[in-house]
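Here the structure comes first, spelled out in structure tokens, and everything after it is commentary.
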Amino acid sequence: MKLDVLICTCNDRITRVPGVLLAPRADVSYIVSMQYTDESFLRQVPEVLRNRPDITLLFLPGKGLSRNRNNAIAAATGDVALIADDDVRYKPEYFDRVLSVFQENPSVDIAQFMLNVEGKNPIKPYASYSHPYEARPKGSYINSPELAFRPARVRSRIRFNEHFGLGTEQLGSGEEEVWVHDAWRAGLSVQFFPYRIADIPAAETTGARIYTDKSVMRAKGAVCYHIYGASTWLRMVKFAWISAAQGKANFFVLLYHTWSGIVYYLKHKIGHENSAVGRSE
């Protein structure tokens, strides 16, 4: 069984990618998809990325993280693919763990795992047991580097919704939540496994930026509407109220921007069909 590590990056962040790589091994390959907004950034590609035979280097003009994810997935040829960012760090045993889970669970199409913060602590509370997506604990959410999948099964059914994610006009996060939910709706098997598979830096996460970044607030409303429908209007009232009571955000600011995300979602007729293969808008 072979693993593809799908590393998405943009512009000068390509210089970070060598830090993601481990020593070459026969069962692991890397697909690096570099978006660029100016051709001058192409001169910053580290030589190691051009010279190692286990690396496939892709170039994609423009921006939009979901576009970049779709570009990398299209090039995957391994039995399993692991979603990566340009600041994650791996250990050989992490790759072994991912491969063993898919070997031992042939019916699983998408697996969610756990992340460490600088190799020390989980990034958030995780369940201590394996469970399917539909039985996920209340309040749980997904980070992209937690996800691995079987490209041959997933690619023909689902793609990242390009209305969501960094680089989009209004909805600056949430692409992984939408992707996983729509994969499940499309009949793919999604399962959580309580194993750590990556280390990430102790930087501000999307979960923290939901109280400070307007695009992330809007994405919160849009993602919840995508999953829960009309009840999201009241869900966001509750969310803003609890967040304000905990001193995390201003009630009115948070409610305004989450509701703005719902309005944007409805106005632009975003839906589950945008994640279906053959559709991008």
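Ordered as shown in the structure tokens, chains take letters A, B, and onward, while each chain numbers its residues from 1 and ligands are numbered from 1 in the order shown.
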Open item on the list: Residues near segment 253-261 of chain A, anyone? I mean within 10 Å using only C-alpha atoms, not counting same-chain ones fewer than 4 positions away, as a ChimeraX atom specification.
Closed with: /A:170-171,210-225,232-234,236-241,243-244,248-249,265-267
Open item on the list: Among segment 66-115 of chain A, which ones does DSSP assign to strand (DSSP E) (computed from the backbone)? Answer as a list of chain:residue names.
Closed with: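 Residues of segment 66-115 of chain A classed as strand (DSSP E): A:Val80, A:Ala81, A:Leu82, A:Ile83, A:Ala84, A:Asp85, A:Ile110, A:Ala111, A:Gln112, A:Phe113, A:Met114, A:Leu115.
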Could you dump the residues just selected with N, CA and C atoms as a PDB file, in the first residue's frame?
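out.pdb, written as the output of this step:
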```
ATOM      1  N   VAL A  80      -3.665   5.561  -0.722  1.00  0.00           N
ATOM      2  CA  VAL A  80      -4.155   6.458   0.316  1.00  0.00           C
ATOM      3  C   VAL A  80      -3.504   7.816   0.097  1.00  0.00           C
ATOM      4  N   ALA A  81      -4.246   8.888   0.374  1.00  0.00           N
ATOM      5  CA  ALA A  81      -3.701  10.242   0.311  1.00  0.00           C
ATOM      6  C   ALA A  81      -3.925  10.925   1.650  1.00  0.00           C
ATOM      7  N   LEU A  82      -2.949  11.714   2.055  1.00  0.00           N
ATOM      8  CA  LEU A  82      -2.992  12.438   3.316  1.00  0.00           C
ATOM      9  C   LEU A  82      -2.958  13.924   3.015  1.00  0.00           C
ATOM     10  N   ILE A  83      -3.918  14.678   3.535  1.00  0.00           N
ATOM     11  CA  ILE A  83      -3.963  16.115   3.306  1.00  0.00           C
ATOM     12  C   ILE A  83      -2.964  16.803   4.222  1.00  0.00           C
ATOM     13  N   ALA A  84      -2.130  17.665   3.651  1.00  0.00           N
ATOM     14  CA  ALA A  84      -1.088  18.337   4.431  1.00  0.00           C
ATOM     15  C   ALA A  84      -1.068  19.828   4.125  1.00  0.00           C
ATOM     16  N   ASP A  85      -0.623  20.605   5.106  1.00  0.00           N
ATOM     17  CA  ASP A  85      -0.323  22.017   4.913  1.00  0.00           C
ATOM     18  C   ASP A  85       1.192  22.192   4.910  1.00  0.00           C
ATOM     19  N   ILE A 110     -12.764   7.658   4.016  1.00  0.00           N
ATOM     20  CA  ILE A 110     -12.113   8.845   4.578  1.00  0.00           C
ATOM     21  C   ILE A 110     -11.901   8.612   6.069  1.00  0.00           C
ATOM     22  N   ALA A 111     -10.689   8.862   6.536  1.00  0.00           N
ATOM     23  CA  ALA A 111     -10.384   8.715   7.959  1.00  0.00           C
ATOM     24  C   ALA A 111      -9.974  10.061   8.538  1.00  0.00           C
ATOM     25  N   GLN A 112     -10.513  10.353   9.711  1.00  0.00           N
ATOM     26  CA  GLN A 112     -10.097  11.532  10.464  1.00  0.00           C
ATOM     27  C   GLN A 112      -9.244  11.066  11.639  1.00  0.00           C
ATOM     28  N   PHE A 113      -8.114  11.749  11.853  1.00  0.00           N
ATOM     29  CA  PHE A 113      -7.204  11.393  12.939  1.00  0.00           C
ATOM     30  C   PHE A 113      -7.059  12.571  13.907  1.00  0.00           C
ATOM     31  N   MET A 114      -5.960  12.613  14.646  1.00  0.00           N
ATOM     32  CA  MET A 114      -5.705  13.646  15.642  1.00  0.00           C
ATOM     33  C   MET A 114      -4.428  14.404  15.312  1.00  0.00           C
ATOM     34  N   LEU A 115      -4.365  15.662  15.754  1.00  0.00           N
ATOM     35  CA  LEU A 115      -3.184  16.493  15.587  1.00  0.00           C
ATOM     36  C   LEU A 115      -2.583  16.834  16.940  1.00  0.00           C
TER      37      LEU A 115
END
```
Open item on the list: Using only C-alpha atoms, which protein or nucleic acid residues come within 8 Å of segment 6-11 of chain A? Drop anything in the same chain fewer than 3 positions from it, and give the result as a list in words.
Closed with: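 Counting only C-alpha atoms, the residues come to Ile14, Val17, Tyr30, Ile31, Val32, Ser33, Met34, Gln35, Tyr36, Thr37, Asp38, Phe41, Leu42, Lys63, Leu65, Asn68, Arg69, Ala72, Ile73, Ala76, Ala81, Leu82, Ile83, Ala84, Asp85 and Asp86 of chain A.
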Emit the selected residues as a PDB file, in the first residue's frame, including N, CA and C atoms.
```pdb
ATOM      1  N   ILE A  14       6.149  28.388  -0.367  1.00  0.00           N
ATOM      2  CA  ILE A  14       6.794  27.207  -0.943  1.00  0.00           C
ATOM      3  C   ILE A  14       8.129  26.932  -0.258  1.00  0.00           C
ATOM      4  N   VAL A  17       8.062  24.195   2.523  1.00  0.00           N
ATOM      5  CA  VAL A  17       7.710  22.800   2.235  1.00  0.00           C
ATOM      6  C   VAL A  17       8.821  21.802   2.558  1.00  0.00           C
ATOM      7  N   TYR A  30       5.256  12.460  -2.372  1.00  0.00           N
ATOM      8  CA  TYR A  30       4.741  13.786  -2.042  1.00  0.00           C
ATOM      9  C   TYR A  30       4.235  14.464  -3.313  1.00  0.00           C
ATOM     10  N   ILE A  31       3.067  15.065  -3.213  1.00  0.00           N
ATOM     11  CA  ILE A  31       2.542  15.897  -4.290  1.00  0.00           C
ATOM     12  C   ILE A  31       2.434  17.306  -3.740  1.00  0.00           C
ATOM     13  N   VAL A  32       3.232  18.212  -4.302  1.00  0.00           N
ATOM     14  CA  VAL A  32       3.268  19.601  -3.837  1.00  0.00           C
ATOM     15  C   VAL A  32       2.561  20.463  -4.871  1.00  0.00           C
ATOM     16  N   SER A  33       1.444  21.057  -4.464  1.00  0.00           N
ATOM     17  CA  SER A  33       0.682  21.925  -5.358  1.00  0.00           C
ATOM     18  C   SER A  33       0.894  23.366  -4.914  1.00  0.00           C
ATOM     19  N   MET A  34       1.585  24.130  -5.759  1.00  0.00           N
ATOM     20  CA  MET A  34       1.929  25.517  -5.446  1.00  0.00           C
ATOM     21  C   MET A  34       1.053  26.481  -6.241  1.00  0.00           C
ATOM     22  N   GLN A  35       0.242  27.256  -5.528  1.00  0.00           N
ATOM     23  CA  GLN A  35      -0.467  28.348  -6.166  1.00  0.00           C
ATOM     24  C   GLN A  35       0.430  29.582  -6.176  1.00  0.00           C
ATOM     25  N   TYR A  36       0.259  30.411  -7.190  1.00  0.00           N
ATOM     26  CA  TYR A  36       1.050  31.637  -7.239  1.00  0.00           C
ATOM     27  C   TYR A  36       0.224  32.750  -7.858  1.00  0.00           C
ATOM     28  N   THR A  37       0.396  33.942  -7.322  1.00  0.00           N
ATOM     29  CA  THR A  37      -0.313  35.116  -7.833  1.00  0.00           C
ATOM     30  C   THR A  37       0.573  35.976  -8.723  1.00  0.00           C
ATOM     31  N   ASP A  38       1.855  35.621  -8.795  1.00  0.00           N
ATOM     32  CA  ASP A  38       2.805  36.296  -9.676  1.00  0.00           C
ATOM     33  C   ASP A  38       3.902  35.303 -10.020  1.00  0.00           C
ATOM     34  N   PHE A  41       7.199  34.347  -7.958  1.00  0.00           N
ATOM     35  CA  PHE A  41       7.255  33.404  -6.846  1.00  0.00           C
ATOM     36  C   PHE A  41       7.796  32.039  -7.280  1.00  0.00           C
ATOM     37  N   LEU A  42       7.712  31.741  -8.559  1.00  0.00           N
ATOM     38  CA  LEU A  42       8.196  30.448  -9.042  1.00  0.00           C
ATOM     39  C   LEU A  42       9.710  30.329  -8.885  1.00  0.00           C
ATOM     40  N   LYS A  63      -5.539  31.894  -6.782  1.00  0.00           N
ATOM     41  CA  LYS A  63      -5.602  31.606  -5.364  1.00  0.00           C
ATOM     42  C   LYS A  63      -6.892  30.869  -5.042  1.00  0.00           C
ATOM     43  N   LEU A  65      -7.696  28.044  -1.607  1.00  0.00           N
ATOM     44  CA  LEU A  65      -7.170  26.784  -1.070  1.00  0.00           C
ATOM     45  C   LEU A  65      -7.945  25.576  -1.565  1.00  0.00           C
ATOM     46  N   ASN A  68      -6.727  24.544  -4.822  1.00  0.00           N
ATOM     47  CA  ASN A  68      -5.423  23.906  -4.668  1.00  0.00           C
ATOM     48  C   ASN A  68      -5.570  22.469  -4.192  1.00  0.00           C
ATOM     49  N   ARG A  69      -6.462  22.240  -3.226  1.00  0.00           N
ATOM     50  CA  ARG A  69      -6.707  20.871  -2.763  1.00  0.00           C
ATOM     51  C   ARG A  69      -7.186  20.001  -3.923  1.00  0.00           C
ATOM     52  N   ALA A  72      -4.315  19.033  -6.225  1.00  0.00           N
ATOM     53  CA  ALA A  72      -3.448  17.988  -5.675  1.00  0.00           C
ATOM     54  C   ALA A  72      -4.129  16.625  -5.717  1.00  0.00           C
ATOM     55  N   ILE A  73      -5.407  16.594  -5.364  1.00  0.00           N
ATOM     56  CA  ILE A  73      -6.142  15.321  -5.360  1.00  0.00           C
ATOM     57  C   ILE A  73      -6.196  14.724  -6.759  1.00  0.00           C
ATOM     58  N   ALA A  76      -3.178  12.568  -7.424  1.00  0.00           N
ATOM     59  CA  ALA A  76      -2.841  11.470  -6.511  1.00  0.00           C
ATOM     60  C   ALA A  76      -2.975  10.118  -7.201  1.00  0.00           C
ATOM     61  N   ALA A  81      -4.246   8.888   0.374  1.00  0.00           N
ATOM     62  CA  ALA A  81      -3.701  10.242   0.311  1.00  0.00           C
ATOM     63  C   ALA A  81      -3.925  10.925   1.650  1.00  0.00           C
ATOM     64  N   LEU A  82      -2.949  11.714   2.055  1.00  0.00           N
ATOM     65  CA  LEU A  82      -2.992  12.438   3.316  1.00  0.00           C
ATOM     66  C   LEU A  82      -2.958  13.924   3.015  1.00  0.00           C
ATOM     67  N   ILE A  83      -3.918  14.678   3.535  1.00  0.00           N
ATOM     68  CA  ILE A  83      -3.963  16.115   3.306  1.00  0.00           C
ATOM     69  C   ILE A  83      -2.964  16.803   4.222  1.00  0.00           C
ATOM     70  N   ALA A  84      -2.130  17.665   3.651  1.00  0.00           N
ATOM     71  CA  ALA A  84      -1.088  18.337   4.431  1.00  0.00           C
ATOM     72  C   ALA A  84      -1.068  19.828   4.125  1.00  0.00           C
ATOM     73  N   ASP A  85      -0.623  20.605   5.106  1.00  0.00           N
ATOM     74  CA  ASP A  85      -0.323  22.017   4.913  1.00  0.00           C
ATOM     75  C   ASP A  85       1.192  22.192   4.910  1.00  0.00           C
ATOM     76  N   ASP A  86       1.663  23.394   4.597  1.00  0.00           N
ATOM     77  CA  ASP A  86       3.106  23.589   4.467  1.00  0.00           C
ATOM     78  C   ASP A  86       3.814  23.828   5.794  1.00  0.00           C
TER      79      ASP A  86
END
```
Open item on the list: Just want the 8 Å neighbourhood of Asp109 of chain A, counted on only C-alpha atoms, with same-chain residues fewer than 6 positions away dropped. Output as a VMD selection string.
Closed with: chain A and resid 149 to 150 153 to 154 188 to 190
TODO: Give the alpha helix (DSSP H) residues of segment 20-161 of chain A, as DSSP finds them on the backbone, and put them as a ChimeraX atom specification.
DONE: /A:47-51,65-75,92-104,151-154
- [ ] For His131 of chain A, please output as a PyMOL selection string all residues within 8 Å (counting only C-alpha atoms; exclusion window: fewer than 6 positions along the same chain).
- [x] chain A and resi 191-193
Task: Residue with smallest distance to Ser40 of chain A - pool A:Asp12, A:Glu146, A:Asp96, A:Glu177, counting only C-alpha atoms - done: A:Asp12
Open item on the list: What's around Gly165 of chain A at 8 Å? Count only C-alpha atoms, leave out sequence neighbours fewer than 5 positions away in its own chain, and write the answer as a list of chain:residue names.
Closed with: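 The neighbour list is A:Gly64, A:Leu65, A:Ser66, A:Leu171, A:Gly172, A:Ser173, A:Gly174, A:Glu175.
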TODO: Determine the nearest neighbour of Gly167 of chain A from the options A:Gln103, A:Arg67, A:Pro132, A:Thr56, counting only C-alpha atoms.
DONE: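 Between A:Gln103, A:Arg67, A:Pro132, A:Thr56, the residue approaching Gly167 of chain A most closely is A:Arg67.
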